[in-house]
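One file, data26.tsv, carrying TSV, C-alpha atoms:
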chain	number	residue	atom	x	y	z
A	1	MET	CA	20.88	37.66	7.67
A	2	ASN	CA	21.78	40.33	10.25
A	3	PRO	CA	20.23	39.38	13.65
A	4	ARG	CA	18.78	42.89	13.99
A	5	LEU	CA	17.00	42.49	10.67
A	6	LEU	CA	15.56	39.17	11.84
A	7	VAL	CA	14.19	40.83	14.96
A	8	LEU	CA	12.77	43.69	12.89
A	9	ALA	CA	11.14	41.25	10.44
A	10	ALA	CA	9.58	39.28	13.27
A	11	THR	CA	8.32	42.49	14.91
A	12	LEU	CA	6.72	43.63	11.67
A	13	LEU	CA	5.12	40.23	11.11
A	14	MET	CA	3.66	40.13	14.62
A	15	SER	CA	1.95	43.44	13.91
A	16	VAL	CA	0.14	41.95	10.91
A	17	ALA	CA	-3.25	40.29	11.33
A	18	GLY	CA	-3.05	36.58	10.65
A	19	ALA	CA	0.28	35.98	12.38
A	20	TYR	CA	0.92	33.82	15.45
A	21	THR	CA	3.96	33.52	17.71
A	22	VAL	CA	4.73	29.97	18.84
A	23	LYS	CA	4.55	29.45	22.60
A	24	LYS	CA	5.81	26.66	24.84
A	25	GLY	CA	3.66	23.54	24.43
A	26	ASP	CA	2.30	24.54	21.00
A	27	THR	CA	2.15	22.02	18.17
A	28	LEU	CA	1.23	22.45	14.53
A	29	TYR	CA	-1.99	20.61	15.30
A	30	SER	CA	-2.99	22.86	18.23
A	31	ILE	CA	-2.18	26.03	16.26
A	32	ALA	CA	-4.07	24.84	13.17
A	33	THR	CA	-7.11	23.82	15.24
A	34	ALA	CA	-7.20	27.14	17.10
A	35	ASN	CA	-7.14	29.03	13.80
A	36	ARG	CA	-9.60	26.71	12.02
A	37	ILE	CA	-7.25	25.63	9.26
A	38	SER	CA	-5.74	22.23	8.45
A	39	VAL	CA	-2.22	21.25	9.45
A	40	GLN	CA	-1.39	20.88	5.76
A	41	GLU	CA	-2.56	24.44	5.07
A	42	LEU	CA	-0.53	25.76	8.02
A	43	LYS	CA	2.57	24.00	6.70
A	44	ARG	CA	1.93	25.32	3.18
A	45	LEU	CA	1.49	28.91	4.37
A	46	ASN	CA	4.80	28.69	6.21
A	47	GLN	CA	6.74	26.52	3.74
A	48	LEU	CA	7.37	23.92	6.46
A	49	SER	CA	8.70	20.55	5.30
A	50	GLY	CA	8.43	18.87	8.72
A	51	ASP	CA	6.53	19.14	11.99
A	52	THR	CA	9.20	20.94	14.06
A	53	ILE	CA	8.49	24.48	15.28
A	54	SER	CA	10.36	26.68	17.74
A	55	VAL	CA	9.21	28.83	20.65
A	56	GLY	CA	9.17	32.43	19.41
A	57	GLN	CA	8.81	31.44	15.76
A	58	VAL	CA	6.22	33.58	13.93
A	59	LEU	CA	3.79	31.69	11.71
A	60	ARG	CA	1.25	32.77	9.15
A	61	VAL	CA	-2.19	31.44	10.09
A	62	SER	CA	-4.18	33.18	7.36
A	63	ALA	CA	-3.86	33.02	3.59
A	64	GLY	CA	-4.59	36.74	3.51
A	65	ASP	CA	-1.32	37.61	5.26
A	66	PRO	CA	1.11	38.67	2.48
A	67	THR	CA	4.17	38.77	4.72
A	68	THR	CA	6.83	36.09	4.41
A	69	PRO	CA	6.98	33.92	7.58
A	70	SER	CA	10.02	33.75	9.80
A	71	ALA	CA	11.91	30.46	9.73
A	72	PRO	CA	13.43	28.62	12.69
A	73	ALA	CA	16.88	29.94	13.52
A	74	ARG	CA	19.71	28.47	11.42
A	75	PRO	CA	23.49	28.86	11.76
A	76	ALA	CA	24.93	32.02	10.23
A	77	GLY	CA	25.80	31.76	6.56
A	78	LEU	CA	23.30	28.96	5.79
A	79	ALA	CA	20.30	29.63	3.57
A	80	PRO	CA	16.93	28.30	4.78
A	81	ILE	CA	16.00	24.87	3.44
A	82	ILE	CA	12.57	24.80	1.79
A	83	THR	CA	11.14	21.50	0.64
A	84	PRO	CA	7.90	21.63	-1.38
A	85	LYS	CA	4.89	20.01	0.25
A	86	PRO	CA	4.04	16.78	-1.56
A	87	SER	CA	0.58	16.36	-3.00
A	88	THR	CA	-1.35	13.63	-1.21
A	89	THR	CA	-3.93	13.04	-3.93
A	90	ASN	CA	-1.76	13.20	-7.07
A	91	THR	CA	-4.62	13.64	-9.53
A	92	GLY	CA	-5.18	15.83	-12.57
A	93	LEU	CA	-8.47	17.07	-11.12
A	94	PRO	CA	-8.92	20.61	-9.71
A	95	GLU	CA	-7.80	20.99	-6.10
A	96	LYS	CA	-10.64	21.02	-3.57
A	97	ARG	CA	-10.91	23.47	-0.70
A	98	LEU	CA	-10.64	21.58	2.57
A	99	PRO	CA	-13.02	22.20	5.47
A	100	PRO	CA	-11.54	23.27	8.81
A	101	PRO	CA	-10.56	20.44	11.17
A	102	LEU	CA	-12.78	19.54	14.10
A	103	SER	CA	-12.20	21.32	17.37
A	104	ALA	CA	-9.87	20.01	20.05
A	105	ALA	CA	-12.90	19.10	22.17
A	106	GLN	CA	-14.34	17.01	19.33
A	107	LEU	CA	-11.05	15.13	19.02
A	108	ALA	CA	-10.26	14.70	22.72
A	109	PRO	CA	-10.00	11.07	23.90
A	110	THR	CA	-12.66	9.79	26.25
A	111	PRO	CA	-11.48	9.12	29.82
A	112	ALA	CA	-9.31	6.06	30.37
A	113	GLY	CA	-11.43	3.03	31.14
A	114	THR	CA	-14.43	4.18	29.06
A	115	HIS	CA	-16.11	1.02	27.82
A	116	LEU	CA	-18.91	0.08	25.43
A	117	ASP	CA	-21.39	-2.53	26.65
A	118	GLY	CA	-20.42	-5.90	25.19
A	119	VAL	CA	-17.59	-4.52	23.02
A	120	ASP	CA	-13.81	-4.72	23.41
A	121	VAL	CA	-11.70	-2.45	21.16
A	122	SER	CA	-8.06	-3.12	20.22
A	123	VAL	CA	-5.92	-0.76	18.10
A	124	PRO	CA	-2.20	-0.58	17.19
A	125	ALA	CA	0.06	1.26	19.64
A	126	SER	CA	1.47	3.44	16.83
A	127	LEU	CA	1.19	3.93	13.08
A	128	THR	CA	3.26	5.20	10.15
A	129	MET	CA	1.91	7.44	7.43
A	130	GLY	CA	0.72	5.40	4.44
A	131	GLN	CA	0.01	2.37	6.64
A	132	ALA	CA	-3.03	0.11	6.37
A	133	PHE	CA	-4.06	-1.27	9.74
A	134	ILE	CA	-6.77	-3.19	11.56
A	135	MET	CA	-8.96	-2.20	14.50
A	136	ARG	CA	-10.18	-5.35	16.25
A	137	LEU	CA	-13.62	-5.48	17.87
A	138	SER	CA	-14.86	-8.38	19.94
A	139	GLY	CA	-17.82	-9.21	22.14
A	140	PRO	CA	-21.55	-9.84	21.72
A	141	ASN	CA	-22.27	-6.26	20.55
A	142	ALA	CA	-19.18	-5.80	18.37
A	143	GLY	CA	-21.13	-6.17	15.12
A	144	ASN	CA	-23.50	-3.34	16.08
A	145	VAL	CA	-20.98	-0.50	16.38
A	146	THR	CA	-20.01	2.15	13.86
A	147	VAL	CA	-16.45	3.43	13.54
A	148	SER	CA	-15.08	6.67	12.10
A	149	PHE	CA	-11.84	8.64	12.09
A	150	PRO	CA	-12.71	12.31	12.87
A	151	SER	CA	-9.07	13.47	12.64
A	152	GLU	CA	-9.44	13.06	8.86
A	153	VAL	CA	-11.70	16.14	8.72
A	154	GLY	CA	-9.69	19.01	7.27
A	155	GLU	CA	-7.03	16.67	5.86
A	156	ASP	CA	-6.35	16.00	2.19
A	157	VAL	CA	-8.08	12.63	2.30
A	158	ARG	CA	-10.92	10.98	0.40
A	159	GLU	CA	-14.24	10.45	2.25
A	160	PRO	CA	-13.02	11.87	5.56
A	161	ASN	CA	-14.68	10.61	8.76
A	162	GLU	CA	-16.73	8.03	6.84
A	163	ARG	CA	-19.02	5.92	9.04
A	164	LEU	CA	-17.85	2.31	8.76
A	165	LYS	CA	-19.52	-0.95	9.76
A	166	PRO	CA	-17.26	-3.75	11.03
A	167	ILE	CA	-16.50	-6.88	9.02
A	168	GLY	CA	-16.74	-10.31	10.64
A	169	ALA	CA	-19.07	-12.64	12.53
A	170	ALA	CA	-19.58	-14.53	15.80
A	171	GLY	CA	-18.26	-11.78	18.04
A	172	GLU	CA	-14.99	-11.19	16.13
A	173	TYR	CA	-14.95	-8.13	13.85
A	174	ARG	CA	-12.49	-5.80	12.12
A	175	ILE	CA	-12.36	-2.30	10.71
A	176	LEU	CA	-9.89	-1.64	7.91
A	177	GLY	CA	-8.04	1.60	8.62
A	178	ARG	CA	-5.65	3.80	6.66
A	179	VAL	CA	-3.18	6.59	7.35
A	180	VAL	CA	-2.94	9.07	4.50
A	181	LEU	CA	0.53	9.87	3.17
A	182	GLY	CA	1.62	13.20	4.61
A	183	LYS	CA	-0.13	12.74	7.97
A	184	THR	CA	2.03	12.91	11.09
A	185	THR	CA	-0.53	14.22	13.57
A	186	PRO	CA	-2.29	11.59	15.74
A	187	LEU	CA	-5.03	9.52	14.16
A	188	VAL	CA	-8.25	9.88	16.17
A	189	TYR	CA	-10.87	7.11	16.09
A	190	GLU	CA	-14.44	6.93	17.37
A	191	VAL	CA	-16.40	3.78	18.15
A	192	LYS	CA	-20.14	4.26	18.75
A	193	LEU	CA	-22.78	1.91	20.12
A	194	GLY	CA	-26.11	3.69	20.34
A	195	ASP	CA	-25.45	6.74	22.54
A	196	GLN	CA	-22.23	5.24	23.95
A	197	LEU	CA	-18.89	6.50	22.62
A	198	VAL	CA	-15.21	5.60	22.91
A	199	ARG	CA	-12.71	7.99	21.34
A	200	GLY	CA	-8.98	7.39	21.24
A	201	ARG	CA	-5.85	8.51	19.43
A	202	ILE	CA	-2.87	6.71	17.90
A	203	PRO	CA	0.48	8.45	17.28
A	204	VAL	CA	1.68	8.60	13.66
A	205	THR	CA	5.29	8.85	12.50
A	206	ASP	CA	6.82	10.10	9.26
A	207	LEU	CA	8.61	7.95	6.67
A	208	ASN	CA	11.52	10.44	6.68
A	209	GLN	CA	12.36	10.05	2.99
A	210	SER	CA	14.15	12.71	0.99
A	211	VAL	CA	12.72	14.06	-2.27
A	212	GLN	CA	13.70	12.08	-5.36
A	213	HIS	CA	14.14	14.09	-8.57
A	214	LEU	CA	13.52	11.90	-11.64
A	215	ASN	CA	13.85	14.61	-14.34
A	216	LEU	CA	12.11	12.50	-16.97
A	217	PRO	CA	12.60	13.56	-20.61
A	218	PRO	CA	9.70	15.37	-22.31
A	219	LYS	CA	8.85	12.36	-24.48
A	220	ILE	CA	7.91	10.52	-21.26
A	221	SER	CA	6.75	13.32	-18.94
A	222	GLY	CA	4.56	14.79	-21.70
A	223	VAL	CA	1.78	12.38	-20.73
A	224	LEU	CA	1.21	14.51	-17.60
A	225	GLN	CA	-0.29	17.18	-19.89
A	226	ASP	CA	-2.28	14.73	-22.00
A	227	PRO	CA	-5.88	15.97	-22.51
A	228	GLY	CA	-7.12	12.49	-21.59
A	229	ARG	CA	-5.68	12.67	-18.10
A	230	THR	CA	-8.78	14.27	-16.53
A	231	ALA	CA	-10.99	11.40	-17.77
A	232	GLU	CA	-8.41	8.91	-16.48
A	233	GLU	CA	-8.46	10.46	-13.00
A	234	GLN	CA	-12.25	10.59	-12.93
A	235	LEU	CA	-12.42	6.89	-13.79
A	236	VAL	CA	-9.96	5.97	-11.04
A	237	GLU	CA	-11.73	8.17	-8.48
A	238	ALA	CA	-15.00	6.38	-9.27
A	239	ALA	CA	-13.28	3.05	-8.55
A	240	TYR	CA	-11.98	4.39	-5.21
A	241	ALA	CA	-15.54	5.33	-4.24
A	242	ARG	CA	-16.84	1.75	-4.57
A	243	ARG	CA	-18.09	0.10	-1.37
A	244	THR	CA	-18.80	-3.60	-1.91
A	245	PRO	CA	-18.70	-6.62	0.45
A	246	GLN	CA	-15.38	-8.34	1.16
A	247	HIS	CA	-14.42	-10.64	-1.75
A	248	TRP	CA	-11.15	-12.12	-0.46
A	249	PHE	CA	-10.72	-14.88	2.12
A	250	LYS	CA	-7.10	-15.94	1.54
A	251	PRO	CA	-3.79	-14.17	2.24
A	252	PHE	CA	-2.58	-11.73	-0.42
A	253	ALA	CA	-0.08	-13.09	-2.93
A	254	PRO	CA	2.68	-11.34	-4.97
A	255	ALA	CA	1.70	-9.72	-8.27
A	256	LEU	CA	4.98	-10.90	-9.82
A	257	ASN	CA	7.24	-13.85	-9.22
A	258	THR	CA	9.90	-11.46	-7.94
A	259	ARG	CA	10.36	-9.38	-4.82
A	260	ALA	CA	12.94	-6.94	-6.21
A	261	VAL	CA	11.77	-3.34	-5.72
A	262	SER	CA	13.19	-0.37	-7.65
A	263	SER	CA	11.22	2.48	-6.01
A	264	SER	CA	9.98	2.52	-2.43
A	265	PHE	CA	6.48	3.30	-1.23
A	266	GLY	CA	5.76	6.85	-0.10
A	267	GLN	CA	8.88	8.37	-1.71
A	268	PRO	CA	8.37	12.11	-2.36
A	269	ARG	CA	9.40	12.79	-5.94
A	270	THR	CA	9.35	15.21	-8.84
A	271	TYR	CA	8.99	13.97	-12.40
A	272	VAL	CA	10.37	17.03	-14.20
A	273	ALA	CA	12.85	19.71	-13.16
A	274	GLY	CA	11.05	22.31	-11.06
A	275	GLY	CA	7.82	20.28	-11.12
A	276	PRO	CA	5.46	19.67	-8.19
A	277	VAL	CA	6.37	17.16	-5.50
A	278	SER	CA	4.05	14.17	-5.10
A	279	TYR	CA	4.25	10.87	-3.28
A	280	HIS	CA	4.93	7.48	-4.85
A	281	TYR	CA	1.71	5.67	-3.97
A	282	GLY	CA	2.82	2.11	-4.67
A	283	LEU	CA	5.81	-0.16	-5.20
A	284	ASP	CA	7.73	-0.62	-8.45
A	285	TYR	CA	8.82	-4.13	-9.40
A	286	PRO	CA	11.32	-4.24	-12.29
A	287	ALA	CA	10.87	-7.18	-14.64
A	288	PRO	CA	11.30	-7.98	-18.36
A	289	SER	CA	8.49	-6.98	-20.69
A	290	GLY	CA	5.99	-9.80	-21.04
A	291	THR	CA	6.44	-11.11	-17.48
A	292	PRO	CA	3.03	-12.33	-16.24
A	293	VAL	CA	1.18	-9.96	-13.90
A	294	LEU	CA	-0.97	-11.79	-11.35
A	295	ALA	CA	-4.01	-10.75	-9.32
A	296	VAL	CA	-2.98	-10.34	-5.68
A	297	ASN	CA	-6.33	-11.73	-4.51
A	298	ASP	CA	-9.91	-12.47	-5.49
A	299	GLY	CA	-12.09	-9.66	-6.77
A	300	THR	CA	-13.86	-7.98	-9.66
A	301	VAL	CA	-12.10	-6.09	-12.48
A	302	VAL	CA	-13.39	-2.50	-12.48
A	303	ILE	CA	-10.83	-0.89	-14.85
A	304	ALA	CA	-9.07	-2.52	-17.80
A	305	GLY	CA	-7.63	-0.37	-20.58
A	306	LYS	CA	-4.92	2.04	-21.71
A	307	TYR	CA	-4.63	5.52	-20.18
A	308	PRO	CA	-2.16	8.42	-20.54
A	309	VAL	CA	-0.37	8.26	-17.15
A	310	ARG	CA	-0.95	4.73	-15.85
A	311	GLY	CA	-0.59	3.15	-19.28
A	312	ASN	CA	-2.20	-0.26	-19.64
A	313	LEU	CA	-4.04	-0.46	-16.34
A	314	VAL	CA	-6.03	-3.07	-14.44
A	315	ALA	CA	-7.90	-2.25	-11.22
A	316	ILE	CA	-9.48	-4.98	-9.07
A	317	ASP	CA	-12.13	-4.32	-6.43
A	318	HIS	CA	-11.54	-6.71	-3.51
A	319	GLY	CA	-14.41	-5.30	-1.47
A	320	ALA	CA	-14.41	-3.51	1.90
A	321	GLY	CA	-13.09	-0.39	0.17
A	322	LEU	CA	-9.87	-2.11	-1.00
A	323	ILE	CA	-8.70	-1.71	-4.63
A	324	SER	CA	-5.49	-3.06	-6.19
A	325	LEU	CA	-4.08	-1.34	-9.29
A	326	TYR	CA	-1.48	-2.59	-11.81
A	327	PHE	CA	0.17	0.11	-13.98
A	328	HIS	CA	2.27	0.29	-17.18
A	329	GLN	CA	1.49	-3.17	-18.58
A	330	SER	CA	2.31	-4.13	-22.17
A	331	ARG	CA	-0.90	-6.17	-22.45
A	332	VAL	CA	-4.16	-6.37	-20.49
A	333	LEU	CA	-5.70	-9.85	-20.46
A	334	VAL	CA	-8.96	-9.18	-18.58
A	335	LYS	CA	-11.98	-6.96	-19.09
A	336	VAL	CA	-14.24	-4.92	-16.84
A	337	GLY	CA	-16.68	-7.14	-14.96
A	338	ASP	CA	-14.45	-10.23	-14.91
A	339	ARG	CA	-14.27	-12.08	-11.60
A	340	VAL	CA	-10.65	-12.99	-10.97
A	341	VAL	CA	-8.98	-15.21	-8.38
A	342	ARG	CA	-5.71	-14.89	-6.50
A	343	GLY	CA	-2.76	-15.72	-8.76
A	344	GLN	CA	-4.73	-15.40	-12.02
A	345	LYS	CA	-2.81	-13.85	-14.93
A	346	ILE	CA	-4.34	-10.46	-15.70
A	347	GLY	CA	-1.68	-8.92	-17.95
A	348	GLN	CA	2.01	-8.58	-18.79
A	349	VAL	CA	4.74	-6.25	-17.59
A	350	GLY	CA	5.52	-3.32	-19.90
A	351	SER	CA	6.51	0.33	-19.99
A	352	THR	CA	3.40	2.21	-21.08
A	353	GLY	CA	2.26	5.58	-19.74
A	354	LEU	CA	4.54	7.53	-17.37
A	355	SER	CA	7.31	4.95	-17.36
A	356	ALA	CA	11.01	4.99	-18.24
A	357	GLY	CA	11.48	1.21	-18.42
A	358	PRO	CA	9.64	-2.12	-18.02
A	359	HIS	CA	8.25	-2.61	-14.52
A	360	LEU	CA	5.01	-3.14	-12.63
A	361	HIS	CA	3.74	-0.35	-10.41
A	362	LEU	CA	1.40	-1.93	-7.83
A	363	GLU	CA	-0.93	0.07	-5.59
A	364	MET	CA	-3.19	-1.04	-2.73
A	365	ARG	CA	-5.77	1.66	-2.04
A	366	VAL	CA	-7.95	1.67	1.10
A	367	ARG	CA	-10.99	3.86	0.46
A	368	GLY	CA	-8.93	5.67	-2.17
A	369	GLU	CA	-5.77	6.29	-0.13
A	370	GLY	CA	-2.46	4.65	-1.01
A	371	THR	CA	-1.16	2.09	1.49
A	372	ASN	CA	2.07	0.12	1.43
A	373	PRO	CA	1.59	-3.10	-0.60
A	374	GLN	CA	4.10	-4.82	1.69
A	375	ASP	CA	1.59	-4.44	4.54
A	376	TRP	CA	-0.61	-6.95	2.70
A	377	LEU	CA	1.78	-9.50	1.23
A	378	GLY	CA	1.32	-12.95	2.76
A	379	ARG	CA	-1.43	-11.77	5.10
A	380	LEU	CA	-5.22	-11.96	5.14
A	381	TRP	CA	-5.31	-8.55	6.83
A	382	PRO	CA	-2.61	-5.96	7.48
A	383	ARG	CA	-1.26	-5.73	11.03

With the file now loaded, output its structure as structure tokens.
Amino acid sequence: MNPRLLVLAATLLMSVAGAYTVKKGDTLYSIATANRISVQELKRLNQLSGDTISVGQVLRVSAGDPTTPSAPARPAGLAPIITPKPSTTNTGLPEKRLPPPLSAAQLAPTPAGTHLDGVDVSVPASLTMGQAFIMRLSGPNAGNVTVSFPSEVGEDVREPNERLKPIGAAGEYRILGRVVLGKTTPLVYEVKLGDQLVRGRIPVTDLNQSVQHLNLPPKISGVLQDPGRTAEEQLVEAAYARRTPQHWFKPFAPALNTRAVSSSFGQPRTYVAGGPVSYHYGLDYPAPSGTPVLAVNDGTVVIAGKYPVRGNLVAIDHGAGLISLYFHQSRVLVKVGDRVVRGQKIGQVGSTGLSAGPHLHLEMRVRGEGTNPQDWLGRLWPR
């Protein structure tokens, strides 16, 4: 585009209510917070595929602004690259309107050295989106704290900022954390003991994966429009909402006697040409039909049946907000209410539902959000 036209477009946009010009030191998070919208909404309004913005760039900060945003400068002759924003919930249910994020003051870390009486707090130095992680709490008062993640408010995440009680005994406790796919702003945590408060933040990095276009034929992708999909999603969402005591006390084991993976966790993908982009919330393990599918750990079967998208599905509640799900099986060998143990055969590999060939799709959901199954394999807790 002619540089003069770019300047004119930017000038016109700056004269429209709901526009903001990026200044030195601005981030997507600071701009979104100041305008009381979520980072995801800011990126959607401006068709941003990443977190990079440029000084002088004009952004839409209101859905009511009909003007097309200006993009960061690109070399002459190159068209702007627009990557659709992946869905982070990937359900057939109506989209919910997100509340505004908390203010910067409500998310600001407490001063260095702030301490809770009788409690030591340890968190990872950094996180990756889609990661399950552990906050460690120790000391005589560690079992009396509550923990929450206020940065989840305004994000496309289930049960944001939920108040959590630690798991453990004898002065050694843990909180099971999650980083929703699509999040690259810092994760903010709060630990409370009575009227005492420690608040901190952990940087989060992207998976940096390109969009995968599957272009499935209609005979397979047609299940996405199946009338039964809404009931399927409602059933799964009810399982995600379960909060039961921890059932597992051994390291997590493989669901198949193979470690070959055909599709990586967190991969943005489309299923049909021109379709919406969503994340891949689990890992795919290719295997011949009939290969035994094994429970990754002890728990209670909360879903067992055939559904349009997930095909023959088993979901196991392991407690502490952790659910494992096993998609596309040819046979289901357990029923709802069964107590299963690690390594127990629960079904057989197949290609039912939204599947183009025999494989097992395995998900590990922490309070409803997809986390990388590899974070769990061979461990009692993720890192």

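Compared by their closest atoms to Thr146 in chain A, and using only C-alpha atoms, the residues A:Phe133, A:Phe265, A:Tyr173, A:Tyr271 rank with A:Tyr173 nearest.
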
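Shortest separation to Arg379 in chain A among A:Val296, A:Met135, A:Ala304, A:Val179 occurs at residue A:Val296, atoms counted being all atoms listed in the file.
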
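Proximity to Asp284 in chain A was assessed for A:Arg339, A:Ile303, A:Pro358, A:Thr230 counting all atoms listed in the file; the smallest distance is recorded for A:Pro358.
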
Counting only C-alpha atoms, what is within 12 Å of Gly194 in chain A, bar same-chain residues fewer than 3 positions away, as number ranges by chain?
A: 116-117, 141-142, 144-147, 191, 197-198

Take the residues from that selection and write them out as an mmCIF file, in the frame of the given file, keeping C-alpha atoms.
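Output saved as again34.cif:
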data_model
loop_
_atom_site.group_PDB
_atom_site.id
_atom_site.type_symbol
_atom_site.label_atom_id
_atom_site.label_comp_id
_atom_site.auth_asym_id
_atom_site.auth_seq_id
_atom_site.Cartn_x
_atom_site.Cartn_y
_atom_site.Cartn_z
ATOM 1 C CA LEU A 116 -18.910 0.080 25.430
ATOM 2 C CA ASP A 117 -21.390 -2.530 26.650
ATOM 3 C CA ASN A 141 -22.270 -6.260 20.550
ATOM 4 C CA ALA A 142 -19.180 -5.800 18.370
ATOM 5 C CA ASN A 144 -23.500 -3.340 16.080
ATOM 6 C CA VAL A 145 -20.980 -0.500 16.380
ATOM 7 C CA THR A 146 -20.010 2.150 13.860
ATOM 8 C CA VAL A 147 -16.450 3.430 13.540
ATOM 9 C CA VAL A 191 -16.400 3.780 18.150
ATOM 10 C CA LEU A 197 -18.890 6.500 22.620
ATOM 11 C CA VAL A 198 -15.210 5.600 22.910
#

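CA of Lys335 in chain A is found 9.7 Å from CA of Thr300 in chain A.
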
Contacts of Ala253 in chain A at 7 Å or less, counting all atoms listed in the file, minus same-chain residues fewer than 3 places along, as a PyMOL selection string?
chain A and resi 296-297+342-343+377-378

To one decimal place in Å, what is the distance between CA of Val22 in chain A and CA of Lys183 in chain A?
20.9 Å

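With distances taken from (5.7, -12.4, -10.9) and restricted to all atoms listed in the file, the residues inside 8 Å are Pro254, Ala255, Leu256, Asn257, Thr258, Thr291, Pro292, Val293 and Leu294 of chain A.
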
If you count only C-alpha atoms, which residues fall within 6 Å of range 200-208 of chain A, apart from same-chain ones fewer than 2 positions away, as a list in words?
Pro109, Ser126, Leu127, Thr128, Met129, Thr184, Pro186, Leu187, Val188 and Tyr189 of chain A

Please, what distance in Å, to one decimal, runs between CA of Lys96 in chain A and CA of Asp156 in chain A?
8.8 Å
